[in-house]
>>> print(open('protein-v5.cif').read())   # mmCIF, C-alpha atoms
data_structure
loop_
_atom_site.group_PDB
_atom_site.id
_atom_site.type_symbol
_atom_site.label_atom_id
_atom_site.label_comp_id
_atom_site.auth_asym_id
_atom_site.auth_seq_id
_atom_site.Cartn_x
_atom_site.Cartn_y
_atom_site.Cartn_z
ATOM 1 C CA LEU Z 1096 -10.629 8.178 -15.301
ATOM 2 C CA ALA Z 1097 -12.097 8.885 -11.865
ATOM 3 C CA ARG Z 1098 -15.415 9.748 -13.509
ATOM 4 C CA TRP Z 1099 -15.454 6.425 -15.339
ATOM 5 C CA TRP Z 1100 -14.844 4.491 -12.123
ATOM 6 C CA ALA Z 1101 -17.256 6.655 -10.156
ATOM 7 C CA ALA Z 1102 -19.954 5.861 -12.719
ATOM 8 C CA ASP Z 1103 -19.294 2.122 -12.458
ATOM 9 C CA PRO Z 1104 -22.478 0.550 -11.006
ATOM 10 C CA GLY Z 1105 -20.352 -2.154 -9.360
ATOM 11 C CA LEU Z 1106 -18.786 0.373 -6.978
ATOM 12 C CA PRO Z 1107 -20.492 1.895 -3.938
ATOM 13 C CA ARG Z 1108 -21.942 5.384 -4.547
ATOM 14 C CA ASN Z 1109 -19.501 7.017 -2.130
ATOM 15 C CA ALA Z 1110 -16.384 5.136 -3.301
ATOM 16 C CA PHE Z 1111 -14.524 8.342 -4.166
ATOM 17 C CA GLU Z 1112 -15.928 10.766 -1.584
ATOM 18 C CA ASP Z 1113 -13.625 12.420 0.924
ATOM 19 C CA ALA Z 1114 -15.047 11.622 4.343
ATOM 20 C CA ALA Z 1115 -12.327 13.381 6.365
ATOM 21 C CA GLU Z 1116 -13.661 15.710 9.039
ATOM 22 C CA PRO Z 1117 -11.868 18.992 9.761
ATOM 23 C CA VAL Z 1118 -10.064 19.325 13.089
ATOM 24 C CA SER Z 1119 -12.579 20.647 15.617
ATOM 25 C CA LYS Z 1120 -12.059 24.047 17.210
ATOM 26 C CA ARG Z 1121 -11.967 22.330 20.619
ATOM 27 C CA ILE Z 1122 -8.884 20.222 19.890
ATOM 28 C CA LYS Z 1123 -7.177 22.453 17.330
ATOM 29 C CA PRO Z 1124 -4.983 24.196 19.982
ATOM 30 C CA GLN Z 1125 -3.710 20.782 21.166
ATOM 31 C CA VAL Z 1126 -2.917 19.743 17.593
ATOM 32 C CA MET Z 1127 -1.064 23.003 16.911
ATOM 33 C CA LYS Z 1128 0.892 22.674 20.178
ATOM 34 C CA LEU Z 1129 1.981 19.176 19.176
ATOM 35 C CA ILE Z 1130 3.042 20.349 15.708
ATOM 36 C CA ASP Z 1131 4.947 23.321 17.118
ATOM 37 C CA SER Z 1132 6.720 21.156 19.731
ATOM 38 C CA ASP Z 1133 8.376 18.917 17.084
ATOM 39 C CA GLY Z 1134 6.828 16.066 19.084
ATOM 40 C CA LEU Z 1135 5.709 14.269 15.953
ATOM 41 C CA CYS Z 1136 9.278 13.281 15.120
ATOM 42 C CA ALA Z 1137 10.691 10.089 16.615
ATOM 43 C CA ARG Z 1138 14.314 11.183 16.926
ATOM 44 C CA GLY Z 1139 16.741 12.142 19.658
ATOM 45 C CA ARG Z 1140 16.054 12.296 23.359
ATOM 46 C CA GLY Z 1141 12.658 10.997 24.326
ATOM 47 C CA ALA Z 1142 12.065 9.388 20.934
ATOM 48 C CA ALA Z 1143 10.415 6.346 22.530
ATOM 49 C CA GLU Z 1144 7.823 8.649 24.089
ATOM 50 C CA ALA Z 1145 7.138 10.611 20.905
ATOM 51 C CA PRO Z 1146 3.581 10.215 19.576
ATOM 52 C CA THR Z 1147 4.985 8.788 16.339
ATOM 53 C CA SER Z 1148 6.851 6.039 18.221
ATOM 54 C CA LYS Z 1149 3.827 5.216 20.361
ATOM 55 C CA CYS Z 1150 1.618 5.022 17.285
ATOM 56 C CA ALA Z 1151 4.133 2.773 15.499
ATOM 57 C CA GLN Z 1152 4.227 0.384 18.470
ATOM 58 C CA LEU Z 1153 0.428 0.265 18.653
ATOM 59 C CA LEU Z 1154 0.257 -0.473 14.918
ATOM 60 C CA ALA Z 1155 2.885 -3.230 15.245
ATOM 61 C CA ASP Z 1156 0.943 -4.770 18.143
ATOM 62 C CA TYR Z 1157 -2.359 -4.528 16.249
ATOM 63 C CA THR Z 1158 -1.011 -6.180 13.095
ATOM 64 C CA GLY Z 1159 1.135 -8.793 14.849
ATOM 65 C CA PHE Z 1160 4.499 -7.521 13.637
ATOM 66 C CA GLN Z 1161 7.504 -7.077 15.875
ATOM 67 C CA TYR Z 1162 8.419 -3.745 14.303
ATOM 68 C CA CYS Z 1163 6.761 -0.828 12.567
ATOM 69 C CA VAL Z 1164 8.912 1.924 11.073
ATOM 70 C CA PRO Z 1165 7.244 5.334 10.790
ATOM 71 C CA LEU Z 1166 8.203 7.243 7.643
ATOM 72 C CA ASP Z 1167 7.319 10.643 6.240
ATOM 73 C CA SER Z 1168 5.230 9.334 3.351
ATOM 74 C CA PHE Z 1169 3.683 6.377 1.598
ATOM 75 C CA HIS Z 1170 6.096 6.943 -1.298
ATOM 76 C CA SER Z 1171 9.099 6.697 1.064
ATOM 77 C CA ALA Z 1172 7.858 3.410 2.505
ATOM 78 C CA LEU Z 1173 7.440 1.849 -0.941
ATOM 79 C CA PHE Z 1174 10.783 3.242 -2.120
ATOM 80 C CA LEU Z 1175 12.636 1.761 0.878
ATOM 81 C CA ALA Z 1176 10.913 -1.614 0.459
ATOM 82 C CA LEU Z 1177 11.919 -1.703 -3.211
ATOM 83 C CA GLN Z 1178 15.473 -0.672 -2.346
ATOM 84 C CA ALA Z 1179 15.629 -3.480 0.239
ATOM 85 C CA LEU Z 1180 14.761 -5.947 -2.538
ATOM 86 C CA GLY Z 1181 17.509 -4.549 -4.735
ATOM 87 C CA VAL Z 1182 15.308 -2.753 -7.256
ATOM 88 C CA ALA Z 1183 17.612 -0.495 -9.253
ATOM 89 C CA ASN Z 1184 18.373 0.401 -12.856
ATOM 90 C CA ASP Z 1185 15.743 -0.997 -15.203
ATOM 91 C CA VAL Z 1186 14.551 -3.787 -12.873
ATOM 92 C CA ARG Z 1187 11.005 -4.586 -13.949
ATOM 93 C CA VAL Z 1188 8.415 -4.331 -11.192
ATOM 94 C CA LEU Z 1189 4.915 -5.735 -11.668
ATOM 95 C CA SER Z 1190 2.103 -3.776 -10.017
ATOM 96 C CA ASN Z 1191 -1.600 -3.037 -10.271
ATOM 97 C CA ALA Z 1192 -2.376 -0.881 -13.307
ATOM 98 C CA LEU Z 1193 -4.504 1.520 -11.202
ATOM 99 C CA PRO Z 1194 -2.693 1.907 -7.866
ATOM 100 C CA GLY Z 1195 -2.472 5.699 -7.570
ATOM 101 C CA THR Z 1196 0.551 7.811 -8.424
ATOM 102 C CA ALA Z 1197 2.759 6.919 -5.441
ATOM 103 C CA VAL Z 1198 3.306 3.339 -6.610
ATOM 104 C CA PRO Z 1199 4.720 3.919 -10.120
ATOM 105 C CA SER Z 1200 6.508 6.999 -8.778
ATOM 106 C CA ALA Z 1201 8.296 4.949 -6.078
ATOM 107 C CA ILE Z 1202 9.213 2.291 -8.657
ATOM 108 C CA GLN Z 1203 10.664 4.941 -10.955
ATOM 109 C CA HIS Z 1204 12.465 6.666 -8.060
ATOM 110 C CA ALA Z 1205 14.107 3.340 -7.162
ATOM 111 C CA GLY Z 1206 15.293 3.029 -10.772
ATOM 112 C CA GLY Z 1207 12.815 0.334 -11.718
ATOM 113 C CA GLU Z 1208 10.453 -0.019 -14.650
ATOM 114 C CA PHE Z 1209 6.719 -0.086 -13.871
ATOM 115 C CA VAL Z 1210 4.981 -3.083 -15.505
ATOM 116 C CA PRO Z 1211 1.213 -2.522 -15.129
ATOM 117 C CA VAL Z 1212 -0.979 -5.546 -14.446
ATOM 118 C CA GLU Z 1213 -4.672 -5.181 -15.252
ATOM 119 C CA CYS Z 1214 -7.241 -4.848 -12.483
ATOM 120 C CA LEU Z 1215 -10.691 -6.355 -12.121
ATOM 121 C CA ARG Z 1216 -13.874 -4.298 -11.662
ATOM 122 C CA ASP Z 1217 -13.318 -4.260 -7.896
ATOM 123 C CA LEU Z 1218 -9.776 -2.832 -8.420
ATOM 124 C CA ALA Z 1219 -8.061 -6.043 -7.235
ATOM 125 C CA ILE Z 1220 -5.215 -7.293 -9.421
ATOM 126 C CA ASP Z 1221 -6.184 -9.666 -12.242
ATOM 127 C CA LEU Z 1222 -4.483 -13.017 -11.577
ATOM 128 C CA ASN Z 1223 -4.609 -14.127 -15.218
ATOM 129 C CA ASP Z 1224 -2.935 -10.921 -16.378
ATOM 130 C CA LEU Z 1225 -0.406 -11.247 -13.552
ATOM 131 C CA ARG Z 1226 0.608 -14.678 -14.872
ATOM 132 C CA ARG Z 1227 0.891 -13.340 -18.437
ATOM 133 C CA LYS Z 1228 2.873 -10.221 -17.494
ATOM 134 C CA ALA Z 1229 5.136 -12.130 -15.098
ATOM 135 C CA ASP Z 1230 6.021 -14.645 -17.800
ATOM 136 C CA ALA Z 1231 6.405 -12.020 -20.552
ATOM 137 C CA SER Z 1232 8.431 -9.504 -18.509
ATOM 138 C CA GLY Z 1233 10.631 -11.854 -16.494
ATOM 139 C CA SER Z 1234 10.074 -9.579 -13.498
ATOM 140 C CA LYS Z 1235 11.154 -10.857 -10.097
ATOM 141 C CA VAL Z 1236 9.270 -8.229 -8.032
ATOM 142 C CA LEU Z 1237 5.546 -7.637 -7.507
ATOM 143 C CA LEU Z 1238 4.377 -4.498 -5.712
ATOM 144 C CA LEU Z 1239 0.841 -5.613 -4.844
ATOM 145 C CA SER Z 1240 -1.589 -2.812 -3.934
ATOM 146 C CA HIS Z 1241 -4.869 -3.484 -2.165
ATOM 147 C CA THR Z 1242 -6.556 -0.476 -3.797
ATOM 148 C CA CYS Z 1243 -9.547 0.806 -1.801
ATOM 149 C CA GLY Z 1244 -9.202 -2.230 0.490
ATOM 150 C CA HIS Z 1245 -10.005 -4.765 -2.255
ATOM 151 C CA VAL Z 1246 -7.926 -7.892 -1.699
ATOM 152 C CA PRO Z 1247 -7.371 -10.588 -4.337
ATOM 153 C CA ASP Z 1248 -6.868 -14.279 -3.558
ATOM 154 C CA LEU Z 1249 -3.605 -13.881 -1.633
ATOM 155 C CA GLU Z 1250 -2.818 -17.584 -1.556
ATOM 156 C CA GLU Z 1251 -3.061 -17.772 -5.337
ATOM 157 C CA ILE Z 1252 -0.937 -14.616 -5.704
ATOM 158 C CA ALA Z 1253 1.682 -16.136 -3.395
ATOM 159 C CA GLN Z 1254 1.679 -19.353 -5.444
ATOM 160 C CA VAL Z 1255 1.977 -17.532 -8.793
ATOM 161 C CA CYS Z 1256 4.934 -15.586 -7.420
ATOM 162 C CA ALA Z 1257 6.598 -18.567 -5.735
ATOM 163 C CA ASP Z 1258 6.393 -20.582 -8.959
ATOM 164 C CA ARG Z 1259 8.272 -17.803 -10.775
ATOM 165 C CA GLY Z 1260 10.706 -16.689 -8.048
ATOM 166 C CA ILE Z 1261 8.957 -13.332 -7.668
ATOM 167 C CA GLN Z 1262 9.350 -11.403 -4.401
ATOM 168 C CA ILE Z 1263 6.302 -9.522 -3.130
ATOM 169 C CA VAL Z 1264 6.059 -6.062 -1.604
ATOM 170 C CA GLU Z 1265 2.543 -5.743 -0.231
ATOM 171 C CA ASP Z 1266 1.114 -2.202 -0.260
ATOM 172 C CA CYS Z 1267 -1.526 -2.272 2.445
ATOM 173 C CA ALA Z 1268 -2.049 1.474 2.828
ATOM 174 C CA ASP Z 1269 -5.689 1.104 1.758
ATOM 175 C CA SER Z 1270 -6.299 -2.099 3.708
ATOM 176 C CA LEU Z 1271 -5.452 -1.350 7.342
ATOM 177 C CA GLY Z 1272 -7.769 -3.548 9.373
ATOM 178 C CA VAL Z 1273 -8.714 -5.805 6.457
ATOM 179 C CA LEU Z 1274 -8.494 -9.473 7.425
ATOM 180 C CA TRP Z 1275 -7.712 -12.381 5.121
ATOM 181 C CA ARG Z 1276 -8.469 -15.851 6.438
ATOM 182 C CA GLY Z 1277 -8.404 -14.631 10.034
ATOM 183 C CA GLY Z 1278 -5.204 -12.560 9.849
ATOM 184 C CA HIS Z 1279 -4.117 -9.167 8.622
ATOM 185 C CA VAL Z 1280 -3.406 -8.932 4.913
ATOM 186 C CA TRP Z 1281 0.170 -7.837 5.554
ATOM 187 C CA HIS Z 1282 1.503 -11.331 6.207
ATOM 188 C CA LEU Z 1283 2.130 -12.603 2.632
#
>>> encode(input="protein-v5.cif", output="structure tokens")
Amino acid sequence: LARWWAADPGLPRNAFEDAAEPVSKRIKPQVMKLIDSDGLCARGRGAAEAPTSKCAQLLADYTGFQYCVPLDSFHSALFLALQALGVANDVRVLSNALPGTAVPSAIQHAGGEFVPVECLRDLAIDLNDLRRKADASGSKVLLLSHTCGHVPDLEEIAQVCADRGIQIVEDCADSLGVLWRGGHVWHL
């Protein structure tokens, strides 16, 4: 599948390249000291000063939210969001058909049933298929992923969901810093 998408002329040449740089030798001792100190965890005494807490506050400030809760994984964040909406045994959850494994895995872990909604060439969710699948499945939850930072028409998505009583969990892991109509995409 990755080869098919990578060969798609509509995608940038480097769409699937890993651009992460290794930790430099100069700062590696500092990184290892931080890991060994348990300073990455935001618990117990001094939690407000932990790097994780500071990062969460900076992210909340940057995105305009009052709170940001650091978790151990992307999967955990999605799972908790679905749990907060009451997703449990056999609740149908609409989501992009090509979101990556964490999305359907979190839905399944919460007890839900993954209902894939087709994507367009740019990996954004297909609004026409969303309407069809929402009506056919009766789902009341949409886990909307902005895969590779591609954002669909959020106002239209919100309207489709409002018309059908569907609650939205917005997965913005791939869209940090992406703006929609002057604001961060996370404010659906």
>>> atom_distance(input="protein-v5.cif", atom1="CA of Glu1250 in chain Z", atom2="CA of Asp1185 in chain Z")
28.4 Å
>>> resolve_selection(input="protein-v5.cif", expression="the PyMOL selection byres ((chain Z and resi 1163) around 9)", output="ChimeraX atom specification")
/Z:1148,1151-1156,1160-1162,1164-1165
>>> residues_around(input="protein-v5.cif", residues="range 1206-1210 of chain Z", least_positions_apart="2", cutoff="10 Å", atoms="all atoms listed in the file", output="PyMOL selection string")
chain Z and resi 1174+1177-1178+1181-1192+1198-1204+1212-1213+1225+1228-1229+1232+1234+1236-1238
>>> residues_around(input="protein-v5.cif", residues="Val1280 in chain Z", least_positions_apart="5", cutoff="12 Å", atoms="all atoms listed in the file", output="mmCIF file with C-alpha atoms, keeping the file's coordinate frame")
data_model
loop_
_atom_site.group_PDB
_atom_site.id
_atom_site.type_symbol
_atom_site.label_atom_id
_atom_site.label_comp_id
_atom_site.auth_asym_id
_atom_site.auth_seq_id
_atom_site.Cartn_x
_atom_site.Cartn_y
_atom_site.Cartn_z
ATOM 1 C CA THR Z 1158 -1.011 -6.180 13.095
ATOM 2 C CA GLY Z 1159 1.135 -8.793 14.849
ATOM 3 C CA PHE Z 1160 4.499 -7.521 13.637
ATOM 4 C CA LEU Z 1239 0.841 -5.613 -4.844
ATOM 5 C CA SER Z 1240 -1.589 -2.812 -3.934
ATOM 6 C CA HIS Z 1241 -4.869 -3.484 -2.165
ATOM 7 C CA GLY Z 1244 -9.202 -2.230 0.490
ATOM 8 C CA HIS Z 1245 -10.005 -4.765 -2.255
ATOM 9 C CA VAL Z 1246 -7.926 -7.892 -1.699
ATOM 10 C CA PRO Z 1247 -7.371 -10.588 -4.337
ATOM 11 C CA ASP Z 1248 -6.868 -14.279 -3.558
ATOM 12 C CA LEU Z 1249 -3.605 -13.881 -1.633
ATOM 13 C CA GLU Z 1250 -2.818 -17.584 -1.556
ATOM 14 C CA VAL Z 1264 6.059 -6.062 -1.604
ATOM 15 C CA GLU Z 1265 2.543 -5.743 -0.231
ATOM 16 C CA ASP Z 1266 1.114 -2.202 -0.260
ATOM 17 C CA CYS Z 1267 -1.526 -2.272 2.445
ATOM 18 C CA ALA Z 1268 -2.049 1.474 2.828
ATOM 19 C CA ASP Z 1269 -5.689 1.104 1.758
ATOM 20 C CA SER Z 1270 -6.299 -2.099 3.708
ATOM 21 C CA LEU Z 1271 -5.452 -1.350 7.342
ATOM 22 C CA GLY Z 1272 -7.769 -3.548 9.373
ATOM 23 C CA VAL Z 1273 -8.714 -5.805 6.457
ATOM 24 C CA LEU Z 1274 -8.494 -9.473 7.425
ATOM 25 C CA TRP Z 1275 -7.712 -12.381 5.121
#
>>> atom_distance(input="protein-v5.cif", atom1="CA of Ser1132 in chain Z", atom2="CA of Tyr1157 in chain Z")
27.5 Å
>>> atom_distance(input="protein-v5.cif", atom1="CA of Ala1197 in chain Z", atom2="CA of Asp1217 in chain Z")
19.7 Å
>>> closest_residue(input="protein-v5.cif", among="Z:Ala1142, Z:Leu1180, Z:Arg1216, Z:Gly1233", to="Gln1262 in chain Z", atoms="all atoms listed in the file")
Z:Leu1180
>>> resolve_selection(input="protein-v5.cif", expression="the PyMOL selection byres ((chain Z and resi 1259) around 9)", output="PDB file with C-alpha atoms, in the coordinates of the input")
ATOM      1  CA  ALA Z1229       5.136 -12.130 -15.098  1.00  0.00           C
ATOM      2  CA  ASP Z1230       6.021 -14.645 -17.800  1.00  0.00           C
ATOM      3  CA  GLY Z1233      10.631 -11.854 -16.494  1.00  0.00           C
ATOM      4  CA  SER Z1234      10.074  -9.579 -13.498  1.00  0.00           C
ATOM      5  CA  LYS Z1235      11.154 -10.857 -10.097  1.00  0.00           C
ATOM      6  CA  GLN Z1254       1.679 -19.353  -5.444  1.00  0.00           C
ATOM      7  CA  VAL Z1255       1.977 -17.532  -8.793  1.00  0.00           C
ATOM      8  CA  CYS Z1256       4.934 -15.586  -7.420  1.00  0.00           C
ATOM      9  CA  ALA Z1257       6.598 -18.567  -5.735  1.00  0.00           C
ATOM     10  CA  ASP Z1258       6.393 -20.582  -8.959  1.00  0.00           C
ATOM     11  CA  GLY Z1260      10.706 -16.689  -8.048  1.00  0.00           C
ATOM     12  CA  ILE Z1261       8.957 -13.332  -7.668  1.00  0.00           C
TER      13      ILE Z1261
END
